[in-house]
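Scroll down for the structure; my scribbles are underneath it.
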Amino acid sequence: MNRRAFLRATTIAGIAGGVTAGRGLLATNAAKPRAPRKPNIVILYADDLGYGDPGCYGSKAIPTPNIDAIAKRGLRFTNGYCSAPTCTPSRYSLLTGEAPFRNSRAKILPGDAAMIIKTDQPTLPKMLQKAGYLTGIVGKWHLGLGTTKGGVDWNKKITPGTNEVGFDESYIMAATNDRVPCVYVKNGTVVGLDPNDPILVNYGTNFPGEPTGRKNPELLKMKHSKGHDCSIVNGIGRIGYMKGGKKALWTDEDMADVFTAKAVDFLNRNAKKDKPFFLYFALHQPHVPRVPNKRFVGTTKLGPRGDVIVEMDWCVGEVLKTLKTLGIEEDTLVIFSSDNGPVLDNGYHDQSPELNGDHKAGGIYRGRKASPFEAGTRVPFITSWPGTIKPGVSDAMVSQTDFFASFASLVGETMPEGKAIDSVDIMPALLGESDTGIDVFYQKYTLRQGHWKVILPKSGRHGTKTLHLFNLLEDPGETTNVAKKNPAVVKRLLKLHKKILARKVKR
């Protein structure tokens, strides 16, 4: 049973507590294409960008004219969610249509992790390939490579990788910009590698004679606040140890230029072909280490975090400019969002907390990256398709997990039975044809239905010791726990949550 059928059945059975089921729970998972020509699809995916960071979401401290331009000519969502409050889980869900808690390996990964998407697993890019799309990824991957943890040979063709799970072309970093190996990987091969200087990576033990941020702070141009004290690359301490590959190492200051050039090149080449294309541009900003190109240093008063968001906005602008130059704006669905909520100090002394001032990266919402509160997963979420999507603001609840089923509906593909079970067709909401998206948004320890949200107790730094219930309509900032006053609401939400978690993916 797919997610839609399951949620419909539980709602009919009364588990939903009398809340009317919305369009996002009742429509079919497949339909004939909505447009005479299947649109190109571009996902611009920020890293650690908060709900309140872009200008179109209220920021006065960070100029984001290009992101704002998408919102001005498109649909800006106020209830848009990533799938989890951290990066790897959200990216896993976006590409698979499967909640990350269904895969025990879908958690923040080291740079030498094995790939957590199976090669026989249905994915969003595979589905689009089947529909006739040319597919490409540029930027951050962080879903593992190869088959064995710590067993990747970076000096040979790396497989399986992005190509094996649905991307015709890829130009990526393996994990994040604060983790080794600090190299670019093109279609499974490290870019610029000298075979006489092989790459070695270890996440447990340093290589003899190699300096580290912990023992050699005099070599650092950016000090670490916690962690990030292993191998030094470009004057910055990283997570994990690396040796060799000197000619292949990236320069952080140039990363935005490199990735943007690759994204623009993909557009220029594939726009001239008869097939539609799908580009997943996984931007690396504003993830740490925040090292903007000199062109963007000082563009805000917030320090490096603000400056790299301006840099990211430039990247977005280059993509938009290319679409316009190619004359394919009206043939292209553009989606801008983020993988999780914001964080200020995330391991480096870059003065983000000290310079933040009155800027509220999470907007009015409580929490941050990794938090179960709203700011952890409620993120900027904008869709634009000139001539098709009417500009405006939508309060519909939408989720990135639902891209799989929604795009399948858009291009006329059928969803795989028993797979991608957490993905729902919300294309009418994404296109502005309906003001209703999904009724239920859930994670392993949270569930929101309508305006009610329950947070289950969880140990750890970002967990809560007690169960919380919030009325987001009356208390969007989650300031008052009303669980004790509403035991019936708590009971039915927990019952629904338990049912959802118990569902099984067909492996």
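Residues are named by chain letter and number: chains run A, B, ... in the order of the structure tokens, numbers start at 1 in each chain, and ligands are numbered from 1 in the order shown.
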
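Neighbouring residues of Leu95 of chain A at 8 Å or closer, counting only C-alpha atoms and skipping chain neighbours under 5 positions away, are Thr123, Leu124, Pro125, Thr401 and Phe404 of chain A.
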
Selected residues written out with C-alpha atoms, as a compact mmCIF listing (two decimals), in the first residue's frame:
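The resulting file, out_32.txt, is reproduced below:
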# COMPACT_ATOMS: atom_id res chain seq x y z
CA THR A 123 14.98 7.15 -7.58
CA LEU A 124 13.69 10.48 -8.81
CA PRO A 125 16.38 10.81 -11.52
CA THR A 401 9.83 13.91 0.00
CA PHE A 404 9.21 11.91 -6.57

Between segment 348-461 of chain A and segment 222-237 of chain A, at 8 Å or less, what are the per-residue closest atom pairs and their distances in Å? Count only C-alpha atoms, order by chain and rising residue number, and return it as CSV.
residue,atom,partner,partner_atom,distance
A:Tyr348,CA,A:His224,CA,4.1
A:His349,CA,A:Ser225,CA,5.5
A:Asp350,CA,A:Met222,CA,7.4

Selected residues written out, C-alpha atoms, as an mmCIF file, in the first residue's frame:
data_model
loop_
_atom_site.group_PDB
_atom_site.id
_atom_site.type_symbol
_atom_site.label_atom_id
_atom_site.label_comp_id
_atom_site.auth_asym_id
_atom_site.auth_seq_id
_atom_site.Cartn_x
_atom_site.Cartn_y
_atom_site.Cartn_z
ATOM 1 C CA TYR A 348 34.688 27.077 13.072
ATOM 2 C CA HIS A 349 35.429 30.482 14.574
ATOM 3 C CA ASP A 350 33.993 32.625 11.774
#

Residues near Asn481 of chain A, anyone? I mean within 7 Å using only C-alpha atoms, not counting same-chain ones fewer than 6 positions away, as a PDB file with C-alpha atoms, in the first residue's frame.
ATOM      1  CA  HIS A 468       5.544  18.281  23.409  1.00  0.00           C
ATOM      2  CA  LEU A 469       2.354  19.320  21.655  1.00  0.00           C
ATOM      3  CA  PHE A 470       2.012  22.668  19.903  1.00  0.00           C
TER       4      PHE A 470
END

Next item on the list: Work out how far apart atom CA of Val264 of chain A and atom CA of Val180 of chain A are and give it in Å to one decimal.
Entry: 26.1 Å

Item checked: Nearest-residue call for Phe373 of chain A, choices A:Met427, A:Trp314, A:Val291, A:Thr479, using only C-alpha atoms ->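 That would be A:Thr479, the residue with the smallest distance to Phe373 of chain A.
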
Item checked: Atomic distance atom CA of Lys444 of chain A - atom CA of Tyr81 of chain A, expressed in Å with one decimal -> 14.5 Å

Notebook entry, point to check: What's the 10 Å shell around Val201 of chain A, counting only C-alpha atoms, without same-chain residues fewer than 4 positions away, as a VMD selection string?
Noted result: chain A and resid 111 to 112 150 to 154 180 to 181 205 to 207 231 240 to 244

Selected residues written out, N, CA and C atoms, as an mmCIF file, in the first residue's frame:
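Once written, part.cif looks like this:
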data_model
loop_
_atom_site.group_PDB
_atom_site.id
_atom_site.type_symbol
_atom_site.label_atom_id
_atom_site.label_comp_id
_atom_site.auth_asym_id
_atom_site.auth_seq_id
_atom_site.Cartn_x
_atom_site.Cartn_y
_atom_site.Cartn_z
ATOM 1 N N GLY A 111 33.052 11.132 4.960
ATOM 2 C CA GLY A 111 33.350 11.276 3.543
ATOM 3 C C GLY A 111 33.712 10.001 2.829
ATOM 4 N N ASP A 112 33.992 8.926 3.583
ATOM 5 C CA ASP A 112 34.348 7.655 2.945
ATOM 6 C C ASP A 112 33.260 6.607 3.106
ATOM 7 N N GLY A 150 34.875 3.120 4.078
ATOM 8 C CA GLY A 150 36.325 3.196 4.186
ATOM 9 C C GLY A 150 37.051 2.425 3.107
ATOM 10 N N GLY A 151 36.301 1.843 2.175
ATOM 11 C CA GLY A 151 36.926 0.996 1.165
ATOM 12 C C GLY A 151 37.007 1.620 -0.211
ATOM 13 N N VAL A 152 36.679 2.910 -0.315
ATOM 14 C CA VAL A 152 36.721 3.570 -1.616
ATOM 15 C C VAL A 152 38.166 3.779 -2.053
ATOM 16 N N ASP A 153 38.473 3.356 -3.263
ATOM 17 C CA ASP A 153 39.779 3.652 -3.847
ATOM 18 C C ASP A 153 39.602 4.897 -4.692
ATOM 19 N N TRP A 154 40.056 6.028 -4.175
ATOM 20 C CA TRP A 154 39.856 7.310 -4.834
ATOM 21 C C TRP A 154 40.728 7.476 -6.062
ATOM 22 N N VAL A 180 37.023 15.418 4.425
ATOM 23 C CA VAL A 180 37.872 14.865 3.382
ATOM 24 C C VAL A 180 37.120 13.721 2.694
ATOM 25 N N PRO A 181 37.454 13.413 1.444
ATOM 26 C CA PRO A 181 38.509 13.996 0.616
ATOM 27 C C PRO A 181 38.061 15.317 -0.004
ATOM 28 N N THR A 205 42.456 7.218 11.854
ATOM 29 C CA THR A 205 43.849 7.451 12.217
ATOM 30 C C THR A 205 44.535 8.338 11.195
ATOM 31 N N ASN A 206 45.350 9.266 11.673
ATOM 32 C CA ASN A 206 46.085 10.140 10.782
ATOM 33 C C ASN A 206 47.233 9.374 10.129
ATOM 34 N N PHE A 207 47.717 9.911 9.011
ATOM 35 C CA PHE A 207 48.851 9.318 8.329
ATOM 36 C C PHE A 207 50.136 9.909 8.894
ATOM 37 N N SER A 231 42.908 16.680 9.188
ATOM 38 C CA SER A 231 43.787 17.116 8.106
ATOM 39 C C SER A 231 43.535 18.568 7.723
ATOM 40 N N GLY A 240 38.198 14.192 9.414
ATOM 41 C CA GLY A 240 38.831 13.066 8.728
ATOM 42 C C GLY A 240 40.245 13.376 8.289
ATOM 43 N N TYR A 241 40.974 12.317 7.924
ATOM 44 C CA TYR A 241 42.373 12.439 7.543
ATOM 45 C C TYR A 241 42.556 12.082 6.068
ATOM 46 N N MET A 242 43.437 12.841 5.419
ATOM 47 C CA MET A 242 43.684 12.661 3.995
ATOM 48 C C MET A 242 45.155 12.877 3.690
ATOM 49 N N LYS A 243 45.657 12.104 2.753
ATOM 50 C CA LYS A 243 47.042 12.263 2.311
ATOM 51 C C LYS A 243 47.072 12.139 0.791
ATOM 52 N N GLY A 244 47.918 12.939 0.143
ATOM 53 C CA GLY A 244 48.081 12.835 -1.305
ATOM 54 C C GLY A 244 47.072 13.662 -2.069
#
